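Text of protein-v3.cif (mmCIF, C-alpha atoms) as supplied:
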```
data_run
#
loop_
_atom_site.group_PDB
_atom_site.id
_atom_site.type_symbol
_atom_site.label_atom_id
_atom_site.label_comp_id
_atom_site.auth_asym_id
_atom_site.auth_seq_id
_atom_site.Cartn_x
_atom_site.Cartn_y
_atom_site.Cartn_z
ATOM 1 C CA MET A 1421 36.104 12.351 43.703
ATOM 2 C CA LYS A 1422 38.311 9.701 42.140
ATOM 3 C CA LYS A 1423 39.114 8.777 38.549
ATOM 4 C CA MET A 1424 37.831 5.450 37.329
ATOM 5 C CA MET A 1425 37.589 3.638 34.013
ATOM 6 C CA TYR A 1426 34.161 2.873 32.565
ATOM 7 C CA ARG A 1427 34.764 -0.865 33.067
ATOM 8 C CA GLU A 1428 35.919 -0.268 36.635
ATOM 9 C CA ALA A 1429 32.749 1.712 37.297
ATOM 10 C CA ILE A 1430 30.701 -1.289 36.139
ATOM 11 C CA ALA A 1431 32.566 -3.628 38.505
ATOM 12 C CA SER A 1432 32.283 -1.114 41.336
ATOM 13 C CA ALA A 1433 28.517 -0.788 40.904
ATOM 14 C CA ILE A 1434 28.022 -4.554 40.945
ATOM 15 C CA ALA A 1435 30.265 -4.990 43.997
ATOM 16 C CA GLU A 1436 28.416 -2.327 45.970
ATOM 17 C CA GLU A 1437 25.072 -3.920 45.193
ATOM 18 C CA MET A 1438 26.348 -7.394 46.057
ATOM 19 C CA ARG A 1439 27.535 -6.117 49.426
ATOM 20 C CA ARG A 1440 24.189 -4.415 50.002
ATOM 21 C CA ASP A 1441 21.944 -7.299 48.938
ATOM 22 C CA GLU A 1442 22.906 -10.972 49.184
ATOM 23 C CA LYS A 1443 20.300 -11.815 46.531
ATOM 24 C CA VAL A 1444 22.454 -10.168 43.843
ATOM 25 C CA PHE A 1445 24.734 -12.530 41.951
ATOM 26 C CA VAL A 1446 26.692 -12.449 38.678
ATOM 27 C CA MET A 1447 26.655 -15.021 35.889
ATOM 28 C CA GLY A 1448 27.989 -15.300 32.351
ATOM 29 C CA GLU A 1449 30.747 -16.618 30.140
ATOM 30 C CA ASP A 1450 34.198 -16.107 31.753
ATOM 31 C CA VAL A 1451 32.894 -13.532 34.246
ATOM 32 C CA ALA A 1452 34.642 -15.149 37.226
ATOM 33 C CA LEU A 1453 38.388 -15.784 37.170
ATOM 34 C CA THR A 1454 39.173 -13.672 34.084
ATOM 35 C CA GLY A 1455 36.685 -10.918 34.948
ATOM 36 C CA GLY A 1456 34.906 -11.114 31.611
ATOM 37 C CA VAL A 1457 36.215 -10.517 28.113
ATOM 38 C CA TYR A 1458 36.340 -6.741 28.822
ATOM 39 C CA LYS A 1459 37.358 -7.098 32.503
ATOM 40 C CA ALA A 1460 34.148 -5.445 33.695
ATOM 41 C CA THR A 1461 33.668 -8.034 36.468
ATOM 42 C CA ARG A 1462 37.317 -8.184 37.556
ATOM 43 C CA GLY A 1463 37.801 -8.641 41.289
ATOM 44 C CA LEU A 1464 34.295 -9.887 42.052
ATOM 45 C CA LEU A 1465 35.234 -13.568 42.325
ATOM 46 C CA ALA A 1466 37.951 -12.844 44.892
ATOM 47 C CA GLU A 1467 35.518 -10.964 47.130
ATOM 48 C CA PHE A 1468 32.287 -12.897 46.712
ATOM 49 C CA GLY A 1469 33.354 -16.410 45.726
ATOM 50 C CA PRO A 1470 32.105 -18.856 43.088
ATOM 51 C CA ASP A 1471 28.581 -19.185 44.525
ATOM 52 C CA ARG A 1472 27.820 -15.562 43.665
ATOM 53 C CA VAL A 1473 30.118 -15.076 40.653
ATOM 54 C CA ARG A 1474 29.296 -17.953 38.344
ATOM 55 C CA ASN A 1475 30.861 -18.940 35.055
ATOM 56 C CA THR A 1476 28.320 -20.458 32.680
ATOM 57 C CA PRO A 1477 28.454 -22.779 29.680
ATOM 58 C CA LEU A 1478 28.809 -21.164 26.244
ATOM 59 C CA SER A 1479 25.054 -20.910 25.854
ATOM 60 C CA GLU A 1480 23.278 -17.569 25.738
ATOM 61 C CA ALA A 1481 19.936 -19.368 25.932
ATOM 62 C CA ALA A 1482 21.027 -21.011 29.198
ATOM 63 C CA ILE A 1483 22.299 -17.710 30.617
ATOM 64 C CA ALA A 1484 19.085 -15.801 29.869
ATOM 65 C CA GLY A 1485 16.857 -18.705 30.884
ATOM 66 C CA VAL A 1486 18.550 -19.418 34.209
ATOM 67 C CA ALA A 1487 18.703 -15.703 35.043
ATOM 68 C CA THR A 1488 14.989 -15.289 34.305
ATOM 69 C CA GLY A 1489 14.098 -18.294 36.454
ATOM 70 C CA ALA A 1490 16.347 -17.134 39.300
ATOM 71 C CA ALA A 1491 14.778 -13.674 39.224
ATOM 72 C CA MET A 1492 11.280 -15.204 39.308
ATOM 73 C CA ALA A 1493 12.383 -17.201 42.365
ATOM 74 C CA GLY A 1494 13.474 -14.056 44.240
ATOM 75 C CA ALA A 1495 17.136 -13.541 43.322
ATOM 76 C CA ARG A 1496 18.549 -10.498 41.519
ATOM 77 C CA PRO A 1497 20.873 -11.863 38.828
ATOM 78 C CA VAL A 1498 23.236 -9.714 36.803
ATOM 79 C CA ALA A 1499 23.682 -11.856 33.715
ATOM 80 C CA GLU A 1500 26.120 -11.098 30.908
ATOM 81 C CA ILE A 1501 25.634 -11.810 27.215
ATOM 82 C CA MET A 1502 29.147 -11.295 25.880
ATOM 83 C CA HIS A 1503 28.055 -9.377 22.737
ATOM 84 C CA ILE A 1504 24.630 -8.060 21.847
ATOM 85 C CA ASP A 1505 25.182 -9.739 18.474
ATOM 86 C CA PHE A 1506 24.567 -13.051 20.286
ATOM 87 C CA ILE A 1507 21.202 -12.016 21.716
ATOM 88 C CA GLY A 1508 19.473 -13.837 18.874
ATOM 89 C CA VAL A 1509 20.483 -17.115 20.492
ATOM 90 C CA CYS A 1510 18.325 -16.317 23.549
ATOM 91 C CA PHE A 1511 15.761 -14.070 21.894
ATOM 92 C CA ASP A 1512 12.751 -16.285 22.631
ATOM 93 C CA ILE A 1513 13.456 -15.963 26.354
ATOM 94 C CA VAL A 1514 13.985 -12.203 26.100
ATOM 95 C CA LEU A 1515 10.963 -11.660 23.862
ATOM 96 C CA ASN A 1516 8.412 -14.047 25.374
ATOM 97 C CA GLN A 1517 9.471 -14.838 28.948
ATOM 98 C CA MET A 1518 11.728 -12.292 30.622
ATOM 99 C CA SER A 1519 9.782 -9.298 29.321
ATOM 100 C CA LYS A 1520 6.250 -10.742 29.617
ATOM 101 C CA MET A 1521 6.199 -12.691 32.895
ATOM 102 C CA CYS A 1522 4.943 -9.809 35.046
ATOM 103 C CA TYR A 1523 2.155 -9.063 32.563
ATOM 104 C CA LYS A 1524 1.194 -12.721 32.095
ATOM 105 C CA THR A 1525 0.843 -13.215 35.865
ATOM 106 C CA ASN A 1526 -0.970 -9.914 36.476
ATOM 107 C CA GLY A 1527 1.956 -8.638 38.535
ATOM 108 C CA LYS A 1528 2.188 -11.695 40.792
ATOM 109 C CA VAL A 1529 5.617 -12.661 39.412
ATOM 110 C CA ARG A 1530 8.365 -10.083 38.979
ATOM 111 C CA VAL A 1531 11.636 -10.490 37.090
ATOM 112 C CA PRO A 1532 14.193 -8.231 38.833
ATOM 113 C CA MET A 1533 17.248 -8.917 36.695
ATOM 114 C CA VAL A 1534 19.834 -7.090 34.611
ATOM 115 C CA LEU A 1535 20.975 -8.462 31.279
ATOM 116 C CA ARG A 1536 24.339 -6.818 30.658
ATOM 117 C CA THR A 1537 25.670 -6.871 27.136
ATOM 118 C CA GLN A 1538 28.116 -5.027 24.884
ATOM 119 C CA GLY A 1539 27.566 -3.365 21.529
ATOM 120 C CA GLY A 1540 29.196 -0.981 19.092
ATOM 121 C CA ARG A 1541 32.092 -0.882 16.699
ATOM 122 C CA GLY A 1542 35.652 0.403 16.898
ATOM 123 C CA HIS A 1543 37.818 -2.682 17.386
ATOM 124 C CA SER A 1544 37.637 -4.340 13.950
ATOM 125 C CA ASN A 1545 35.775 -7.226 15.567
ATOM 126 C CA SER A 1546 33.943 -8.130 12.341
ATOM 127 C CA CYS A 1547 30.352 -7.661 11.311
ATOM 128 C CA THR A 1548 29.043 -10.237 13.796
ATOM 129 C CA GLN A 1549 30.606 -8.698 16.920
ATOM 130 C CA SER A 1550 30.343 -4.961 16.232
ATOM 131 C CA GLN A 1551 26.636 -4.315 15.822
ATOM 132 C CA SER A 1552 24.393 -1.833 17.627
ATOM 133 C CA LEU A 1553 21.114 -3.699 18.040
ATOM 134 C CA GLU A 1554 19.380 -1.689 20.746
ATOM 135 C CA SER A 1555 16.278 -1.175 18.579
ATOM 136 C CA LEU A 1556 15.607 -4.937 18.842
ATOM 137 C CA VAL A 1557 15.063 -4.677 22.599
ATOM 138 C CA THR A 1558 13.500 -1.197 22.734
ATOM 139 C CA ALA A 1559 10.703 -2.651 20.591
ATOM 140 C CA ILE A 1560 9.809 -5.217 23.279
ATOM 141 C CA PRO A 1561 7.232 -4.014 25.849
ATOM 142 C CA GLY A 1562 8.190 -5.042 29.360
ATOM 143 C CA LEU A 1563 11.909 -4.285 29.109
ATOM 144 C CA LYS A 1564 13.833 -1.249 30.266
ATOM 145 C CA VAL A 1565 16.866 -0.336 28.154
ATOM 146 C CA VAL A 1566 19.898 1.617 29.410
ATOM 147 C CA MET A 1567 22.929 2.836 27.398
ATOM 148 C CA PRO A 1568 25.363 4.973 29.433
ATOM 149 C CA SER A 1569 28.064 7.114 27.825
ATOM 150 C CA THR A 1570 30.356 7.837 30.796
ATOM 151 C CA ALA A 1571 31.850 6.009 33.751
ATOM 152 C CA TYR A 1572 29.830 8.202 36.129
ATOM 153 C CA ASP A 1573 26.567 7.396 34.399
ATOM 154 C CA ALA A 1574 27.426 3.706 34.016
ATOM 155 C CA LYS A 1575 27.846 3.221 37.749
ATOM 156 C CA GLY A 1576 24.817 5.210 38.858
ATOM 157 C CA LEU A 1577 22.527 3.699 36.239
ATOM 158 C CA LEU A 1578 23.693 0.118 36.831
ATOM 159 C CA LYS A 1579 23.030 0.385 40.556
ATOM 160 C CA SER A 1580 19.509 1.643 39.822
ATOM 161 C CA SER A 1581 19.017 -1.133 37.266
ATOM 162 C CA ILE A 1582 19.982 -3.832 39.776
ATOM 163 C CA ARG A 1583 17.505 -2.438 42.294
ATOM 164 C CA ASP A 1584 14.681 -2.182 39.753
ATOM 165 C CA ASN A 1585 11.967 -4.828 39.981
ATOM 166 C CA ASN A 1586 11.722 -5.121 36.200
ATOM 167 C CA PRO A 1587 14.075 -6.710 33.653
ATOM 168 C CA VAL A 1588 16.659 -4.226 32.410
ATOM 169 C CA VAL A 1589 18.837 -4.645 29.319
ATOM 170 C CA PHE A 1590 22.022 -2.724 30.111
ATOM 171 C CA ILE A 1591 24.082 -2.107 26.957
ATOM 172 C CA GLU A 1592 27.710 -1.037 27.337
ATOM 173 C CA HIS A 1593 29.827 0.175 24.422
ATOM 174 C CA LYS A 1594 33.046 -1.773 23.997
ATOM 175 C CA GLY A 1595 34.767 1.412 22.812
ATOM 176 C CA LEU A 1596 34.112 3.107 26.161
ATOM 177 C CA TYR A 1597 35.524 0.544 28.600
ATOM 178 C CA GLN A 1598 38.883 2.277 28.995
ATOM 179 C CA THR A 1599 37.580 5.840 29.032
ATOM 180 C CA LYS A 1600 37.910 7.557 32.399
ATOM 181 C CA GLY A 1601 35.740 9.838 34.481
ATOM 182 C CA GLU A 1602 35.495 11.288 37.969
ATOM 183 C CA LEU A 1603 33.175 9.497 40.378
ATOM 184 C CA PRO A 1604 32.168 10.418 43.933
ATOM 185 C CA GLU A 1605 33.565 8.178 46.626
ATOM 186 C CA GLU A 1606 30.192 8.163 48.387
ATOM 187 C CA GLU A 1607 27.272 6.126 47.067
ATOM 188 C CA TYR A 1608 25.043 7.633 44.379
ATOM 189 C CA LEU A 1609 22.306 6.428 42.050
ATOM 190 C CA ILE A 1610 20.984 7.826 38.776
ATOM 191 C CA PRO A 1611 17.264 7.227 38.200
ATOM 192 C CA LEU A 1612 16.217 5.371 35.076
ATOM 193 C CA GLY A 1613 14.308 7.505 32.586
ATOM 194 C CA LYS A 1614 16.206 10.745 33.176
ATOM 195 C CA ALA A 1615 18.276 12.242 30.348
ATOM 196 C CA ASP A 1616 21.255 14.530 30.890
ATOM 197 C CA VAL A 1617 22.105 17.735 29.048
ATOM 198 C CA LYS A 1618 25.823 17.262 28.486
ATOM 199 C CA ARG A 1619 26.217 20.658 26.821
ATOM 200 C CA ALA A 1620 23.850 23.631 26.731
ATOM 201 C CA GLY A 1621 23.099 25.458 23.486
ATOM 202 C CA THR A 1622 20.510 27.602 21.736
ATOM 203 C CA ASP A 1623 20.700 26.880 17.982
ATOM 204 C CA VAL A 1624 20.291 23.130 17.501
ATOM 205 C CA THR A 1625 19.640 20.052 19.655
ATOM 206 C CA LEU A 1626 21.847 16.988 19.183
ATOM 207 C CA ILE A 1627 20.132 13.939 20.701
ATOM 208 C CA SER A 1628 22.273 10.879 21.285
ATOM 209 C CA TYR A 1629 23.314 8.101 23.655
ATOM 210 C CA SER A 1630 26.260 5.788 24.397
ATOM 211 C CA LYS A 1631 29.500 6.466 22.488
ATOM 212 C CA SER A 1632 27.769 8.747 19.982
ATOM 213 C CA VAL A 1633 27.385 11.312 22.771
ATOM 214 C CA HIS A 1634 31.145 11.870 22.609
ATOM 215 C CA THR A 1635 30.969 12.263 18.834
ATOM 216 C CA SER A 1636 28.167 14.802 19.282
ATOM 217 C CA LEU A 1637 30.198 16.758 21.820
ATOM 218 C CA GLU A 1638 33.112 16.844 19.399
ATOM 219 C CA ALA A 1639 30.778 18.148 16.691
ATOM 220 C CA ALA A 1640 29.426 20.787 19.090
ATOM 221 C CA GLN A 1641 32.945 22.136 19.577
ATOM 222 C CA MET A 1642 33.442 22.315 15.813
ATOM 223 C CA LEU A 1643 30.100 24.087 15.418
ATOM 224 C CA GLU A 1644 31.020 26.661 18.051
ATOM 225 C CA ALA A 1645 33.850 27.796 15.763
ATOM 226 C CA LYS A 1646 31.175 28.453 13.134
ATOM 227 C CA GLY A 1647 29.071 30.493 15.550
ATOM 228 C CA VAL A 1648 26.524 27.736 16.165
ATOM 229 C CA GLN A 1649 25.664 26.773 19.748
ATOM 230 C CA ALA A 1650 24.622 23.114 19.879
ATOM 231 C CA GLU A 1651 22.869 21.557 22.848
ATOM 232 C CA VAL A 1652 23.820 17.905 23.417
ATOM 233 C CA ILE A 1653 21.314 15.623 25.127
ATOM 234 C CA ASP A 1654 22.462 12.242 26.422
ATOM 235 C CA LEU A 1655 19.331 10.080 26.696
ATOM 236 C CA ARG A 1656 21.114 7.553 28.972
ATOM 237 C CA THR A 1657 17.896 5.508 29.193
ATOM 238 C CA LEU A 1658 16.091 4.615 25.960
ATOM 239 C CA VAL A 1659 13.180 2.951 27.757
ATOM 240 C CA PRO A 1660 11.703 4.743 29.601
ATOM 241 C CA LEU A 1661 12.451 7.789 27.448
ATOM 242 C CA ASP A 1662 12.776 11.203 29.082
ATOM 243 C CA PHE A 1663 10.751 13.152 26.533
ATOM 244 C CA GLU A 1664 10.364 16.204 28.766
ATOM 245 C CA THR A 1665 14.070 17.018 28.498
ATOM 246 C CA ILE A 1666 13.757 16.712 24.714
ATOM 247 C CA ARG A 1667 10.669 18.926 24.745
ATOM 248 C CA GLU A 1668 12.410 21.696 26.690
ATOM 249 C CA SER A 1669 15.435 21.645 24.395
ATOM 250 C CA VAL A 1670 13.470 21.602 21.126
ATOM 251 C CA ALA A 1671 11.289 24.472 22.319
ATOM 252 C CA LYS A 1672 14.489 26.455 22.793
ATOM 253 C CA THR A 1673 16.434 25.527 19.651
ATOM 254 C CA GLY A 1674 13.793 24.621 17.065
ATOM 255 C CA ARG A 1675 16.187 22.250 15.259
ATOM 256 C CA VAL A 1676 17.032 18.596 15.914
ATOM 257 C CA ILE A 1677 19.707 16.137 14.814
ATOM 258 C CA VAL A 1678 19.471 12.568 16.140
ATOM 259 C CA VAL A 1679 22.782 10.697 16.297
ATOM 260 C CA HIS A 1680 23.406 7.015 16.886
ATOM 261 C CA GLU A 1681 25.813 4.309 15.769
ATOM 262 C CA ALA A 1682 23.162 1.751 14.842
ATOM 263 C CA ALA A 1683 22.104 1.476 11.218
ATOM 264 C CA GLU A 1684 19.790 4.291 10.199
ATOM 265 C CA ARG A 1685 16.991 2.074 8.871
ATOM 266 C CA SER A 1686 14.545 1.284 11.683
ATOM 267 C CA GLY A 1687 17.056 2.545 14.262
ATOM 268 C CA TYR A 1688 15.973 4.063 17.578
ATOM 269 C CA GLY A 1689 16.511 7.527 16.095
ATOM 270 C CA ALA A 1690 13.442 6.973 13.919
ATOM 271 C CA GLU A 1691 11.338 6.548 17.075
ATOM 272 C CA ILE A 1692 12.735 9.762 18.550
ATOM 273 C CA ALA A 1693 12.111 11.662 15.317
ATOM 274 C CA ALA A 1694 8.552 10.341 15.093
ATOM 275 C CA GLU A 1695 7.724 11.366 18.651
ATOM 276 C CA ILE A 1696 9.121 14.869 18.106
ATOM 277 C CA GLN A 1697 7.200 15.172 14.837
ATOM 278 C CA GLU A 1698 3.944 14.094 16.498
ATOM 279 C CA GLN A 1699 4.241 16.113 19.685
ATOM 280 C CA LEU A 1700 6.458 19.106 18.882
ATOM 281 C CA PHE A 1701 5.798 19.893 15.223
ATOM 282 C CA ASP A 1702 4.936 23.535 15.911
ATOM 283 C CA GLU A 1703 8.251 24.014 17.742
ATOM 284 C CA LEU A 1704 10.344 22.965 14.731
ATOM 285 C CA ASP A 1705 12.015 25.492 12.414
ATOM 286 C CA ALA A 1706 13.536 22.835 10.144
ATOM 287 C CA PRO A 1707 13.119 19.137 9.314
ATOM 288 C CA ILE A 1708 14.549 16.606 11.770
ATOM 289 C CA ARG A 1709 17.688 14.935 10.446
ATOM 290 C CA ARG A 1710 19.441 11.722 11.452
ATOM 291 C CA VAL A 1711 23.167 10.986 11.446
ATOM 292 C CA CYS A 1712 23.467 7.248 11.942
ATOM 293 C CA GLY A 1713 25.394 4.156 10.947
ATOM 294 C CA ALA A 1714 25.283 3.101 7.316
ATOM 295 C CA ASN A 1715 22.744 0.466 6.286
ATOM 296 C CA ILE A 1716 25.427 -2.154 5.709
ATOM 297 C CA PRO A 1717 27.111 -4.844 7.827
ATOM 298 C CA VAL A 1718 29.858 -3.276 9.944
ATOM 299 C CA PRO A 1719 33.100 -3.474 7.910
ATOM 300 C CA ASN A 1720 36.059 -5.261 9.444
ATOM 301 C CA ALA A 1721 38.751 -2.971 7.984
ATOM 302 C CA THR A 1722 39.489 -0.044 10.282
ATOM 303 C CA LEU A 1723 38.908 2.930 7.961
ATOM 304 C CA PRO A 1724 35.623 1.683 6.442
ATOM 305 C CA GLU A 1725 34.470 0.723 9.951
ATOM 306 C CA VAL A 1726 35.025 4.289 11.150
ATOM 307 C CA GLU A 1727 33.534 5.882 8.055
ATOM 308 C CA SER A 1728 30.374 3.763 8.240
ATOM 309 C CA ALA A 1729 29.589 5.267 11.656
ATOM 310 C CA PRO A 1730 28.544 8.813 12.599
ATOM 311 C CA THR A 1731 31.467 11.229 12.658
ATOM 312 C CA ALA A 1732 31.714 14.761 13.977
ATOM 313 C CA ALA A 1733 32.142 16.050 10.431
ATOM 314 C CA LYS A 1734 28.915 14.343 9.321
ATOM 315 C CA ILE A 1735 27.050 15.900 12.241
ATOM 316 C CA VAL A 1736 28.418 19.355 11.456
ATOM 317 C CA ASP A 1737 27.377 18.976 7.812
ATOM 318 C CA ALA A 1738 23.844 17.948 8.832
ATOM 319 C CA VAL A 1739 23.541 20.898 11.215
ATOM 320 C CA MET A 1740 24.724 23.425 8.633
ATOM 321 C CA ARG A 1741 22.177 22.075 6.141
ATOM 322 C CA ILE A 1742 19.253 22.831 8.468
ATOM 323 C CA ILE A 1743 20.762 26.060 9.805
#
```
Could you render the structure as structure tokens?
Amino acid sequence: MKKMMYREAIASAIAEEMRRDEKVFVMGEDVALTGGVYKATRGLLAEFGPDRVRNTPLSEAAIAGVATGAAMAGARPVAEIMHIDFIGVCFDIVLNQMSKMCYKTNGKVRVPMVLRTQGGRGHSNSCTQSQSLESLVTAIPGLKVVMPSTAYDAKGLLKSSIRDNNPVVFIEHKGLYQTKGELPEEEYLIPLGKADVKRAGTDVTLISYSKSVHTSLEAAQMLEAKGVQAEVIDLRTLVPLDFETIRESVAKTGRVIVVHEAAERSGYGAEIAAEIQEQLFDELDAPIRRVCGANIPVPNATLPEVESAPTAAKIVDAVMRII
């Protein structure tokens, strides 16, 4: 095992896949010489050269369009949209081309590509570069959506995403890039659509993903001091969703809190709550609650930015209300 930063795990996953398959290439704004704005592609240019690590113009529409066309032609692009906030610029391609091409051609044309992007708050980057917009892409049939919370998961899931024959939107949290974790030195993959129980418990299930998993784990420690054993589920992949892991946990605990950084209104937590309500109603001992971002633009000032997001204290309060 060796320690590695989240951003280093991303670069390591891409490098391994580029060595394994010459069809894999990287493209995006400043991904080459500078290694990307968050240094998650650092070192790739030196090893693979400018033909396979390509800087692009400042055009998200061009990035998504060229990547989609390259994937249709047989390549496996790993394209970066610098912030998920900018996905609106290329949304027609994501919504109507990238995600639909396999269906429109009855499976004759595949789009094996990864659209890497970054979301989340925590750096006072303003309301237009701090959003969590995963529900925009989870609502689009034809896309897979991945949101890892640890360096270990980021590497294993990204390698699986690059090998997948379908378009994958891979969302990294900018607040996790410098977090560290232990990774095996030998190759490993994590299958898409498999959640991970980060902490076992018997009294309440905390369901989360990305950076909010860490907030949930912090809340679980606080709850333990109150005699409450919280189970923390890290979804890791939003589409496809591992509902069986949720089912097993809810059958055990009977209580559910869904936690995510995106705004509460129409957030992905509403989909999780609806599915639990429809399929597991008889297992519930209390109403499902959500602890999510506030329904406001992300504040730029540090304290309001933090307070508008889920906190461990908010999770603890929600749990105690249903306990």
*Any chance you could work out the residue set of the PyMOL selection byres ((chain A and resi 1697) around 12) here, as JSON, numbers by chain?*
{"A": [1666, 1667, 1670, 1674, 1675, 1676, 1690, 1691, 1692, 1693, 1694, 1695, 1696, 1698, 1699, 1700, 1701, 1702, 1703, 1704, 1705, 1706, 1707, 1708, 1709]}
Deliver the residues from the most recent selection as a file, using C-alpha atoms, as a PDB file, in the coordinates of the input.
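Written file, again_10.pdb:
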```pdb
ATOM      1  CA  ILE A1666      13.757  16.712  24.714  1.00  0.00           C
ATOM      2  CA  ARG A1667      10.669  18.926  24.745  1.00  0.00           C
ATOM      3  CA  VAL A1670      13.470  21.602  21.126  1.00  0.00           C
ATOM      4  CA  GLY A1674      13.793  24.621  17.065  1.00  0.00           C
ATOM      5  CA  ARG A1675      16.187  22.250  15.259  1.00  0.00           C
ATOM      6  CA  VAL A1676      17.032  18.596  15.914  1.00  0.00           C
ATOM      7  CA  ALA A1690      13.442   6.973  13.919  1.00  0.00           C
ATOM      8  CA  GLU A1691      11.338   6.548  17.075  1.00  0.00           C
ATOM      9  CA  ILE A1692      12.735   9.762  18.550  1.00  0.00           C
ATOM     10  CA  ALA A1693      12.111  11.662  15.317  1.00  0.00           C
ATOM     11  CA  ALA A1694       8.552  10.341  15.093  1.00  0.00           C
ATOM     12  CA  GLU A1695       7.724  11.366  18.651  1.00  0.00           C
ATOM     13  CA  ILE A1696       9.121  14.869  18.106  1.00  0.00           C
ATOM     14  CA  GLU A1698       3.944  14.094  16.498  1.00  0.00           C
ATOM     15  CA  GLN A1699       4.241  16.113  19.685  1.00  0.00           C
ATOM     16  CA  LEU A1700       6.458  19.106  18.882  1.00  0.00           C
ATOM     17  CA  PHE A1701       5.798  19.893  15.223  1.00  0.00           C
ATOM     18  CA  ASP A1702       4.936  23.535  15.911  1.00  0.00           C
ATOM     19  CA  GLU A1703       8.251  24.014  17.742  1.00  0.00           C
ATOM     20  CA  LEU A1704      10.344  22.965  14.731  1.00  0.00           C
ATOM     21  CA  ASP A1705      12.015  25.492  12.414  1.00  0.00           C
ATOM     22  CA  ALA A1706      13.536  22.835  10.144  1.00  0.00           C
ATOM     23  CA  PRO A1707      13.119  19.137   9.314  1.00  0.00           C
ATOM     24  CA  ILE A1708      14.549  16.606  11.770  1.00  0.00           C
ATOM     25  CA  ARG A1709      17.688  14.935  10.446  1.00  0.00           C
TER      26      ARG A1709
END
```
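Against the coordinates shown, the PyMOL selection byres ((chain A and resi 1494) around 12) returns Asp1441, Glu1442, Lys1443, Val1444, Phe1445, Ala1487, Thr1488, Gly1489, Ala1490, Ala1491, Met1492, Ala1493, Ala1495, Arg1496, Pro1497, Val1529, Arg1530, Val1531, Pro1532, Met1533 and Asn1585 of chain A.
Closest approach to Thr1673 of chain A among A:Val1652, A:Ala1482, A:Ile1513, A:Cys1712: A:Val1652, based on only C-alpha atoms.
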*Can you give me, as a ChimeraX atom specification, the residues this file yields under the PyMOL selection byres ((chain A and resi 1438) around 12)?*
/A:1431-1437,1439-1446,1464-1465,1467-1469,1472-1473,1495-1498,1579,1582-1583
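Distances from A:Gly1687, A:Pro1611, A:His1634, A:Val1659 to Thr1731 of chain A were compared using all atoms listed in the file, and the smallest one belongs to A:His1634.
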*Quick one: of A:Glu1664, A:Glu1638, A:Asp1505, A:Glu1681, who's nearest to Ala1733 of chain A, counting all atoms listed in the file?*
A:Glu1638
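Among A:Lys1594, A:Arg1656, A:Lys1524, A:Lys1734, the residue with the shortest atom-to-atom distance to Met1567 of chain A, counting only C-alpha atoms, is A:Arg1656.
The space between atom CA of Ser1632 of chain A and atom CA of Ile1483 of chain A spans 29.0 Å.
In this structure, atom CA of Cys1522 of chain A sits 18.9 Å away from atom CA of Leu1612 of chain A.
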As lines of an AutoDock Vina configuration file, what would the box around segment 1659-1666 of chain A look like: edges along x, y and z, 4 Å added on every side, centre and edge lengths in Å to one decimal?
```
center_x = 12.2
center_y = 10.0
center_z = 27.2
size_x = 11.7
size_y = 22.1
size_z = 12.9
```
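Residue nearest Ala1714 of chain A within the list A:Phe1663, A:Gln1551, A:Thr1657, A:Lys1672: A:Gln1551 [criterion: smallest interatomic distance, only C-alpha atoms].
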*Neighbour residues at most 8 Å from (29.7, 19.4, 16.5) (all atoms listed in the file) as an NGL selection string*: :A and (1635-1644 or 1650 or 1732-1733 or 1735-1736)
_Within 10 Å of (18.8, 16.3, 28.0) (file coordinates; only C-alpha atoms), which protein or nucleic acid residues are there? I'd like them as a PyMOL selection string._
chain A and resi 1614-1620+1625-1628+1651-1656+1662-1669
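Pairwise distance (atom CA of Pro1561 of chain A, atom CA of Phe1511 of chain A) equals 13.8 Å.
Considering only C-alpha atoms, the residue among A:Met1425, A:Ala1671, A:Val1739, A:Leu1603 positioned nearest to Gly1647 of chain A is A:Val1739.
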